[in-house]
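Asks: Structure below; questions to follow.
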Amino acid sequence: MFCGNYVQGTIFPAPNFNPIMDAQMLGGALQGFDCDKDLLIDILTKRCNAQRLMIAEAYQSMYGRNLVEDLKEQLSSHFKEVMVGLMYPPPSFDAHELWHAMKGAGTDENCLIDILASRTNGEIFQMREAYCLQYSSNLQEDIYSETSGHFRDTLMNLVQGTREEGYTDPAMAAQDAMVLWEACQQKTGEHKTMLQMILCNKSYQQLWLVFQEFQNISGQDVVDAINDCYDGYFKELLVAIVLCVRDKPAYFAYRLYSAIHDFGFHNKTVIRILIARSEIDLMTIRKCYKERYGKSLFHDIKNFASGHYEKALLAICAGDMDDY
């Protein structure tokens, strides 16, 4: 089953949008003695990102205060992470997630994998710019200093954002498939480099052909071959690239399922994916999740989260009781 033929988000621009009225309502919700969290959810999850940024501008000129800072001040815990996360433009949100994945004790490799394996050239370019502006730091240099080995080499390749686009060469596909097959047999440093060069630089359309050829040559699916031959985060990253090439919504459905069930509801992963994909393909991810795992994403979030945090996540999912 392929999820990604026609993709759809869950959040769209609100019709009859009035940023001044929204800013006034948010002001009332945040300045009052008791913060009206339901109103915050209702406004911020029912507006697209561009509209939220306009609300923040109206809020600033109306109250002389920064909406994001007020949200940080008034809210707490995971609910705060969701509401503040919704206020970042997408490239800034990616930059924010990458920065926090690398700073502090330990590196969150899964966050690096999720973002860098799935973003387009344009998204990567904008994310690098946002990272530089927000943190006065160079994304490539930070990745280089926080990771190591072939995992680092592959991330460094992806963060260049130089994948070919729309180009296919059927004759070359058989050759590339042979290189992949040899890399899975011999596993030398040189073979690992050739493997990641193909996966990071060839167009999605070309890689489709390469994976078919690989199956013909080896009698094995490329994901199974990588899982058999490699280990650690290098393996995880290669598999993520292959899954994103094949079907990006299915990849994110798998990542959500894993974050919810294998990691006891890994909040950061769930929040990151729901916000980042909300205007791209979250509706498709939801459908895929239900088809693959039997239970709906709505049901699983309801099971694990609670309070306003749960309400906010469900509102981003645009879930309803039919999904339960």
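Scheme for the structure tokens: letters A, B, ... for chains in order shown; per-chain residue numbers from 1; ligand numbers from 1 in order shown.
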Find the residues of stretch 215-291 of chain A that sit at most 9 Å from stretch 61-78 of chain A; for each, write down the nearest two atoms and how far apart they are in Å, to one decimal. Count only C-alpha atoms. Sort by chain, then by number going up, and give it as JSON lines.
Replies:
```
{"residue": "A:Asn267", "atom": "CA", "partner": "A:His78", "partner_atom": "CA", "distance": 7.4}
{"residue": "A:Lys268", "atom": "CA", "partner": "A:His78", "partner_atom": "CA", "distance": 8.3}
{"residue": "A:Ile271", "atom": "CA", "partner": "A:His78", "partner_atom": "CA", "distance": 8.5}
```
Asks: Could you turn the residues from that selection into a file that holds N, CA, C and O atoms, as an mmCIF file, in the first residue's frame?
Replies:
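The resulting file, result_35.cif, is shown below:
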```
data_model
loop_
_atom_site.group_PDB
_atom_site.id
_atom_site.type_symbol
_atom_site.label_atom_id
_atom_site.label_comp_id
_atom_site.auth_asym_id
_atom_site.auth_seq_id
_atom_site.Cartn_x
_atom_site.Cartn_y
_atom_site.Cartn_z
ATOM 1 N N ASN A 267 7.478 12.400 23.517
ATOM 2 C CA ASN A 267 6.757 13.657 23.264
ATOM 3 C C ASN A 267 7.400 14.514 22.183
ATOM 4 O O ASN A 267 6.722 15.028 21.298
ATOM 5 N N LYS A 268 8.721 14.683 22.268
ATOM 6 C CA LYS A 268 9.399 15.578 21.322
ATOM 7 C C LYS A 268 9.201 15.129 19.876
ATOM 8 O O LYS A 268 8.962 15.938 18.987
ATOM 9 N N ILE A 271 5.437 15.713 18.822
ATOM 10 C CA ILE A 271 5.185 17.147 18.613
ATOM 11 C C ILE A 271 5.855 17.621 17.321
ATOM 12 O O ILE A 271 5.241 18.314 16.499
#
```
Asks: Within 12 Å of A:Leu53, counting only C-alpha atoms, which residues show up once you throw out same-chain ones fewer than 6 positions away? Write them as an MDAnalysis selection string, please.
Replies: chainID A and resid 19:20 22:23 44 47 59:60 66:68 84 86:90
Asks: Looking at only C-alpha atoms, which of A:Ile273, A:Met21, A:Ala95, A:Val7 is the one that sits closest to A:Tyr135?
Replies: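 Counting only C-alpha atoms, the residue closest to A:Tyr135 is A:Ala95.
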Asks: Skip stretch 159-172 of chain A itself and residues of its chain fewer than 3 positions away, then list as a ChimeraX atom specification all residues within 6 Å of it, counting only C-alpha atoms.
Replies: /A:121,124,156,175,201-203,206
Asks: Excluding stretch 208-214 of chain A and its own-chain neighbours fewer than 4 positions away, which residues fall within 12 Å of it when counting only C-alpha atoms? Please give them as a PyMOL selection string.
Replies: chain A and resi 166-184+195+198-199+202-204+218-226+241-247
Asks: Just to be explicit: take each residue in the selection above, keep C-alpha atoms, and write the result as a short mmCIF file (atom, residue, chain, number, x, y, z; two decimals), in the first residue's frame.
Replies:
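part_13.cif written:
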```cif
data_model
loop_
_atom_site.label_atom_id
_atom_site.label_comp_id
_atom_site.auth_asym_id
_atom_site.auth_seq_id
_atom_site.Cartn_x
_atom_site.Cartn_y
_atom_site.Cartn_z
CA GLY A 166 13.36 14.90 -11.51
CA TYR A 167 16.24 13.30 -13.38
CA THR A 168 16.26 9.62 -14.38
CA ASP A 169 18.77 7.46 -16.25
CA PRO A 170 17.58 3.83 -16.49
CA ALA A 171 20.99 2.58 -17.71
CA MET A 172 22.70 4.17 -14.72
CA ALA A 173 20.12 2.64 -12.33
CA ALA A 174 21.43 -0.89 -12.94
CA GLN A 175 24.98 0.31 -12.33
CA ASP A 176 24.02 2.08 -9.08
CA ALA A 177 22.11 -1.00 -7.93
CA MET A 178 25.28 -3.09 -8.44
CA VAL A 179 27.23 -0.58 -6.32
CA LEU A 180 24.59 -0.82 -3.55
CA TRP A 181 24.69 -4.60 -3.71
CA GLU A 182 28.50 -4.67 -3.52
CA ALA A 183 28.41 -2.18 -0.63
CA CYS A 184 26.14 -4.56 1.26
CA LEU A 195 26.43 3.84 -0.88
CA ILE A 198 24.00 7.35 -4.27
CA LEU A 199 21.30 7.63 -1.58
CA LYS A 202 20.34 10.79 -6.86
CA SER A 203 16.82 12.04 -7.54
CA TYR A 204 13.87 10.29 -5.90
CA SER A 218 19.90 -9.50 -5.27
CA GLY A 219 16.42 -10.99 -4.83
CA GLN A 220 16.25 -8.88 -1.67
CA ASP A 221 14.55 -5.63 -0.73
CA VAL A 222 17.06 -2.82 -0.24
CA VAL A 223 15.80 -2.04 3.30
CA ASP A 224 16.27 -5.68 4.36
CA ALA A 225 19.75 -5.68 2.81
CA ILE A 226 20.78 -2.51 4.68
CA ILE A 241 16.33 7.84 3.27
CA VAL A 242 15.03 4.75 1.44
CA LEU A 243 11.65 4.91 3.22
CA CYS A 244 11.30 8.65 2.45
CA VAL A 245 12.09 8.04 -1.22
CA ARG A 246 9.45 5.34 -1.38
CA ASP A 247 6.64 6.95 0.56
#
```
Asks: List the neighbours of A:Lys302 out to 10 Å using only C-alpha atoms; skip same-chain residues closer than 3 positions along the sequence, and give me the result as an MDAnalysis selection string.
Replies: chainID A and resid 296:299 305:307 310:311 313:314 324
Asks: Please produce an output containing N, CA and C atoms for each residue in the selection, written as a CSV table (one decimal), in the first residue's frame.
Replies:
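New file part_33.csv:
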```csv
chain,number,residue,atom,x,y,z
A,296,SER,N,-6.3,4.3,15.0
A,296,SER,CA,-6.0,5.6,14.4
A,296,SER,C,-5.0,6.4,15.3
A,297,LEU,N,-4.4,7.4,14.7
A,297,LEU,CA,-3.4,8.2,15.4
A,297,LEU,C,-4.2,9.0,16.5
A,298,PHE,N,-5.4,9.4,16.2
A,298,PHE,CA,-6.3,10.1,17.1
A,298,PHE,C,-6.5,9.2,18.4
A,299,HIS,N,-6.8,7.9,18.2
A,299,HIS,CA,-7.0,7.0,19.3
A,299,HIS,C,-5.7,6.9,20.1
A,305,ALA,N,-1.7,10.8,25.8
A,305,ALA,CA,-1.6,12.2,26.3
A,305,ALA,C,-2.8,12.6,27.1
A,306,SER,N,-2.8,13.8,27.7
A,306,SER,CA,-3.9,14.2,28.5
A,306,SER,C,-4.0,15.7,28.6
A,307,GLY,N,-5.2,16.2,29.1
A,307,GLY,CA,-5.4,17.6,29.3
A,307,GLY,C,-5.3,18.4,28.1
A,310,GLU,N,-3.1,17.1,25.2
A,310,GLU,CA,-3.9,16.1,24.3
A,310,GLU,C,-4.8,16.9,23.3
A,311,LYS,N,-5.5,17.9,23.9
A,311,LYS,CA,-6.5,18.6,23.0
A,311,LYS,C,-5.7,19.3,21.9
A,313,LEU,N,-2.8,18.5,20.5
A,313,LEU,CA,-2.3,17.5,19.5
A,313,LEU,C,-3.4,17.0,18.6
A,314,LEU,N,-4.6,16.7,19.2
A,314,LEU,CA,-5.7,16.3,18.4
A,314,LEU,C,-6.2,17.3,17.5
A,324,TYR,N,-11.9,7.5,16.1
A,324,TYR,CA,-11.5,6.8,17.3
A,324,TYR,C,-11.3,5.3,17.2
```
Asks: Let's see if you can do this: from backbone DSSP, list all helix (DSSP H, G or I) residues in stretch 26-257 of chain A, as a PyMOL selection string.
Replies: chain A and resi 26-31+37-44+49-63+67-74+77-86+90-102+109-118+121-135+139-146+149-158+170-186+189-201+204-218+222-229+232-246+248-257
Asks: Between atom CA of A:Ile316 and atom CA of A:Tyr257, what is the spacing in Å?
Replies: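 The value is 16.7 Å.
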Asks: Need to verify the contact set: stretch 111-120 of chain A, 8 Å, only C-alpha atoms, exclusion of same-chain residues closer than 6 positions in sequence. Can you return it as an NGL selection string?
Replies: :A and (94 or 97-98 or 101 or 155 or 158-159 or 161 or 236-237 or 240-241 or 244 or 248 or 269)
Asks: Grab the residues selected above and save them as a PDB file, in the first residue's frame with N, CA, C and O atoms.
Replies:
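Output file out.pdb is given in full below:
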```pdb
ATOM      1  N   ASP A  94      12.390  23.752  12.045  1.00  0.00           N
ATOM      2  CA  ASP A  94      13.415  22.727  11.796  1.00  0.00           C
ATOM      3  C   ASP A  94      14.741  23.125  12.443  1.00  0.00           C
ATOM      4  O   ASP A  94      15.401  22.302  13.076  1.00  0.00           O
ATOM      5  N   GLU A  97      14.596  22.662  16.182  1.00  0.00           N
ATOM      6  CA  GLU A  97      14.656  21.250  16.566  1.00  0.00           C
ATOM      7  C   GLU A  97      16.076  20.701  16.440  1.00  0.00           C
ATOM      8  O   GLU A  97      16.552  19.952  17.298  1.00  0.00           O
ATOM      9  N   LEU A  98      16.759  21.072  15.359  1.00  0.00           N
ATOM     10  CA  LEU A  98      18.137  20.592  15.150  1.00  0.00           C
ATOM     11  C   LEU A  98      19.077  21.156  16.216  1.00  0.00           C
ATOM     12  O   LEU A  98      19.935  20.441  16.742  1.00  0.00           O
ATOM     13  N   ALA A 101      18.540  19.379  19.350  1.00  0.00           N
ATOM     14  CA  ALA A 101      18.974  17.974  19.243  1.00  0.00           C
ATOM     15  C   ALA A 101      20.483  17.844  19.459  1.00  0.00           C
ATOM     16  O   ALA A 101      20.972  16.786  19.851  1.00  0.00           O
ATOM     17  N   LEU A 155      25.051  12.581   6.912  1.00  0.00           N
ATOM     18  CA  LEU A 155      24.343  13.814   7.307  1.00  0.00           C
ATOM     19  C   LEU A 155      24.943  15.029   6.607  1.00  0.00           C
ATOM     20  O   LEU A 155      24.212  15.911   6.124  1.00  0.00           O
ATOM     21  N   LEU A 158      23.685  15.118   3.111  1.00  0.00           N
ATOM     22  CA  LEU A 158      22.271  15.528   3.029  1.00  0.00           C
ATOM     23  C   LEU A 158      22.092  17.025   3.258  1.00  0.00           C
ATOM     24  O   LEU A 158      21.274  17.672   2.600  1.00  0.00           O
ATOM     25  N   VAL A 159      22.859  17.590   4.205  1.00  0.00           N
ATOM     26  CA  VAL A 159      22.663  18.995   4.577  1.00  0.00           C
ATOM     27  C   VAL A 159      23.177  19.951   3.489  1.00  0.00           C
ATOM     28  O   VAL A 159      22.884  21.142   3.522  1.00  0.00           O
ATOM     29  N   GLY A 161      22.002  19.729   0.564  1.00  0.00           N
ATOM     30  CA  GLY A 161      20.775  19.986  -0.220  1.00  0.00           C
ATOM     31  C   GLY A 161      21.047  20.006  -1.708  1.00  0.00           C
ATOM     32  O   GLY A 161      20.561  20.873  -2.437  1.00  0.00           O
ATOM     33  N   GLU A 236      20.256   3.326  10.502  1.00  0.00           N
ATOM     34  CA  GLU A 236      18.952   3.987  10.688  1.00  0.00           C
ATOM     35  C   GLU A 236      18.754   5.104   9.659  1.00  0.00           C
ATOM     36  O   GLU A 236      17.657   5.273   9.112  1.00  0.00           O
ATOM     37  N   LEU A 237      19.824   5.856   9.410  1.00  0.00           N
ATOM     38  CA  LEU A 237      19.742   6.980   8.473  1.00  0.00           C
ATOM     39  C   LEU A 237      19.546   6.486   7.041  1.00  0.00           C
ATOM     40  O   LEU A 237      18.710   7.021   6.302  1.00  0.00           O
ATOM     41  N   ALA A 240      16.030   5.322   6.664  1.00  0.00           N
ATOM     42  CA  ALA A 240      15.110   6.478   6.635  1.00  0.00           C
ATOM     43  C   ALA A 240      15.090   7.117   5.252  1.00  0.00           C
ATOM     44  O   ALA A 240      14.020   7.483   4.742  1.00  0.00           O
ATOM     45  N   ILE A 241      16.268   7.250   4.621  1.00  0.00           N
ATOM     46  CA  ILE A 241      16.325   7.842   3.272  1.00  0.00           C
ATOM     47  C   ILE A 241      15.528   6.981   2.302  1.00  0.00           C
ATOM     48  O   ILE A 241      14.701   7.482   1.529  1.00  0.00           O
ATOM     49  N   CYS A 244      11.800   7.335   2.904  1.00  0.00           N
ATOM     50  CA  CYS A 244      11.296   8.649   2.449  1.00  0.00           C
ATOM     51  C   CYS A 244      11.193   8.708   0.932  1.00  0.00           C
ATOM     52  O   CYS A 244      10.262   9.304   0.388  1.00  0.00           O
ATOM     53  N   LYS A 248       6.922   9.064   1.694  1.00  0.00           N
ATOM     54  CA  LYS A 248       7.230   9.914   2.861  1.00  0.00           C
ATOM     55  C   LYS A 248       6.135   9.863   3.936  1.00  0.00           C
ATOM     56  O   LYS A 248       6.441   9.734   5.123  1.00  0.00           O
ATOM     57  N   THR A 269       9.292  13.826  19.645  1.00  0.00           N
ATOM     58  CA  THR A 269       9.123  13.298  18.280  1.00  0.00           C
ATOM     59  C   THR A 269       7.694  13.510  17.794  1.00  0.00           C
ATOM     60  O   THR A 269       7.471  13.949  16.655  1.00  0.00           O
TER      61      THR A 269
END
```
Asks: Would you work out the distance separating atom CA of A:Asp42 from atom CA of A:Ser278, expressed in Å to one decimal?
Replies: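 Taking atom CA of A:Asp42 as the start and atom CA of A:Ser278 as the end point, the length is 15.3 Å.
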